[in-house]
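Enquirer: Can you keep this structure in mind? I'll have questions shortly.
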Amino acid sequence: MIRLSTPQVSTLPQDIRHFSELACTLGTPDFPGALLACLGQWADCQHFSVLRMTGERPQLLAVGTRHHDAGLVLRCGQAYIERYHRHDPLFEQLRVCPGQFGHLLAQDIRFMPYREAIYQRHGMIERVSSLYLDERGSPVMFNLYRHRDQGFFSDIELQMCEALSPALLQLLRGHLALCGLNRMRAQSHPQRLLQHCPELTTQELNICSRLLQGMTHAGIAADLGIKESTVKTYRNRAFARLGINFRSQLFALLST
């Protein structure tokens with residue numbers, strides 16, 4: 001007999017459920033938080049960063065944080081790629097052996113300006129890292145950080161981070177690939193919207209493009225530096241021009 005049912009994540013064992021929920025967020029803004037939440041059942045980490053270590057200046061591909069200072073990991077990442085990446089002893093060792101798992105304490109960093117600016121100033125005491133080569137052969141490094149108020153990683157936490165690192169690298173590879181695809185799609189949104197309605201203004205296109213990326217009204221307001229009420233005003237004007245009333249209709253419009 002043919003039977004249809006809705007998958008229930010709640011029926012999965014807790015450890016598998018976390019990975020299932022994480023996989024469902026690939027390519028979305030929810031992935032960083034889901035990654036840290038998933039890891040948290042085995043090793044509590046405040047931040048993660050993903051960097052492509054190539055050229056004169058590395059690229060900061062992704063960050064995530066559960067710290068009360070949400071901008072800390074981004075500031076540290078920017079300082080690292082601008083001034084300190086050449087003094088990272090762990091990267092040099094990982095680059096020689098991609099796929100290996102690395103562990104570093106703050107006191108292992110001999111270049112004192114780097115240790116002071118990134119670790120001591122912000123109370124970070126420890127880092128674990130792993131690295132893979134992307135499709136261009138460039139090293140991509142994934143880092144997890146531990147703060148002083150958490151204490152050092154336990155042996156069990158380090159063992160779990162090491163054992164999980166191959167799976168995490170594959171998830172990160174997939175997430176970054178989907179993000180790149182989503183960016184390419186997002187770049188085509190204004191042109192496709194104008195095909196439906198050439199009268200749309202620049203700001204109306206900005207609002208609709210971000211709605212199509214899954215952003216909230218509050219997120220769009222912060223991104224564009226305008227009030228949330230202004231976002232809704234432009235949205236309503238754009239929807240009126242397009243002859244639609246709901247966001248779901250906007251998605252349907254571009255799927256045709």
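Just so we're on the same page: first chain in the structure tokens is A, next is B, and so on; residues restart at 1 for each chain, and ligands are numbered from 1 in the order they show up.
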Show me, as a Markdown table, the residues of region 9-105 of chain A having an atom within 10 Å of region 119-125 of chain A, each with the closest atom pair and its distance in Å, using only C-alpha atoms.
Expert:
| residue | atom | partner | partner_atom | distance |
| --- | --- | --- | --- | --- |
| A:Gln46 | CA | A:Met124 | CA | 9.4 |
| A:His47 | CA | A:Met124 | CA | 10.0 |
| A:Leu72 | CA | A:His122 | CA | 8.1 |
| A:Val73 | CA | A:His122 | CA | 9.7 |
| A:Cys76 | CA | A:Tyr119 | CA | 8.9 |
| A:Leu104 | CA | A:Ile125 | CA | 8.8 |
| A:Leu105 | CA | A:Ile125 | CA | 6.0 |
Enquirer: Restricting it to N, CA and C atoms, dump the selection as a PDB file, in the first residue's frame.
Expert:
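part-v7.pdb, freshly written:
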ATOM      1  N   GLN A  46      33.112  28.897  21.389  1.00  0.00           N
ATOM      2  CA  GLN A  46      32.485  30.201  21.288  1.00  0.00           C
ATOM      3  C   GLN A  46      32.416  30.696  19.843  1.00  0.00           C
ATOM      4  N   HIS A  47      33.434  30.400  19.066  1.00  0.00           N
ATOM      5  CA  HIS A  47      33.517  30.936  17.708  1.00  0.00           C
ATOM      6  C   HIS A  47      34.052  29.888  16.738  1.00  0.00           C
ATOM      7  N   LEU A  72      33.029  40.085  17.711  1.00  0.00           N
ATOM      8  CA  LEU A  72      34.407  39.799  18.104  1.00  0.00           C
ATOM      9  C   LEU A  72      35.113  38.900  17.095  1.00  0.00           C
ATOM     10  N   VAL A  73      34.473  37.817  16.699  1.00  0.00           N
ATOM     11  CA  VAL A  73      35.132  36.872  15.797  1.00  0.00           C
ATOM     12  C   VAL A  73      35.402  37.512  14.436  1.00  0.00           C
ATOM     13  N   CYS A  76      38.455  39.860  14.901  1.00  0.00           N
ATOM     14  CA  CYS A  76      39.682  39.063  14.995  1.00  0.00           C
ATOM     15  C   CYS A  76      40.054  38.476  13.636  1.00  0.00           C
ATOM     16  N   LEU A 104      46.405  24.186  19.002  1.00  0.00           N
ATOM     17  CA  LEU A 104      47.337  25.249  19.374  1.00  0.00           C
ATOM     18  C   LEU A 104      46.856  25.939  20.635  1.00  0.00           C
ATOM     19  N   LEU A 105      47.781  26.188  21.568  1.00  0.00           N
ATOM     20  CA  LEU A 105      47.523  27.026  22.734  1.00  0.00           C
ATOM     21  C   LEU A 105      48.048  28.430  22.474  1.00  0.00           C
TER      22      LEU A 105
END
Enquirer: Within 12 Å of region 187-195 of chain A, counting only C-alpha atoms, which residues qualify if same-chain residues fewer than 5 places away don't, as an MDAnalysis selection string?
Expert: chainID A and resid 180:182 200:213 238:239 241:242 250:256
Enquirer: Skip Leu144 (chain A) itself and residues of its chain fewer than 3 positions away, then list as number ranges by chain all residues within 9 Å of it, counting only C-alpha atoms.
Expert: A: 45-49, 126-129
Enquirer: When DSSP works through the backbone of this structure, what residues of region 20-253 of chain A end up as alpha helix (DSSP H), shown as a count of residues only?
Expert: 116
Enquirer: Got a sec to tell me which of region 104-242 of chain A DSSP assigns to strand (DSSP E), as a list in words?
Expert: Leu104, Leu105, Met124, Ile125, Glu126, Arg127, Val128, Ser129, Ser130, Leu131, Tyr132, Leu133, Pro139, Val140, Met141, Phe142, Asn143, Leu144, Tyr145, Arg146 and His147 of chain A
Enquirer: Between A:Asp88, A:Glu82, A:Glu162, A:Leu178, which one has atoms that come closest to Cys24 (chain A), using only C-alpha atoms?
Expert: A:Leu178
Enquirer: From the options A:Ala106, A:Ala240, A:Ala62, A:Ile226, which residue's atoms come nearest to Gly27 (chain A), counting only C-alpha atoms?
Expert: A:Ala62
Enquirer: Find the residues around Leu168 (chain A) up to 12 Å (only C-alpha atoms counted), leave out those fewer than 4 positions away in its own chain, and share them as number ranges by chain.
Expert: A: 19, 22-23, 26, 31-32, 35-36, 38-39, 48, 50, 99, 101, 129-132, 141-144, 160-164, 172-175
Enquirer: Using Å and a single decimal, report how far CA of Tyr145 (chain A) sits from CA of Arg86 (chain A).
Expert: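 So the answer is 19.0 Å.
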Enquirer: Give me, as a ChimeraX atom specification, all polymer residues having an atom no more than 7 Å from Glu228 (chain A), counting only C-alpha atoms and skipping those fewer than 5 positions away in the same chain.
Expert: /A:217-218,221
Enquirer: Take the selection from the previous step and output its residues with N, CA and C atoms, as a tab-separated table (two decimals), in the first residue's frame.
Expert:
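Below is the file again_2.tsv, written as the result:
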chain	number	residue	atom	x	y	z
A	217	HIS	N	12.55	41.51	7.21
A	217	HIS	CA	12.44	42.95	7.05
A	217	HIS	C	13.46	43.68	7.92
A	218	ALA	N	13.66	43.18	9.14
A	218	ALA	CA	14.65	43.81	10.04
A	218	ALA	C	16.05	43.66	9.47
A	221	ALA	N	16.50	46.07	6.59
A	221	ALA	CA	16.66	47.44	7.09
A	221	ALA	C	18.08	47.68	7.57
Enquirer: So what do you get for CA of His147 (chain A) versus CA of Asp44 (chain A), distance-wise?
Expert: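 Rounded to one decimal, the two atoms are 9.9 Å apart.
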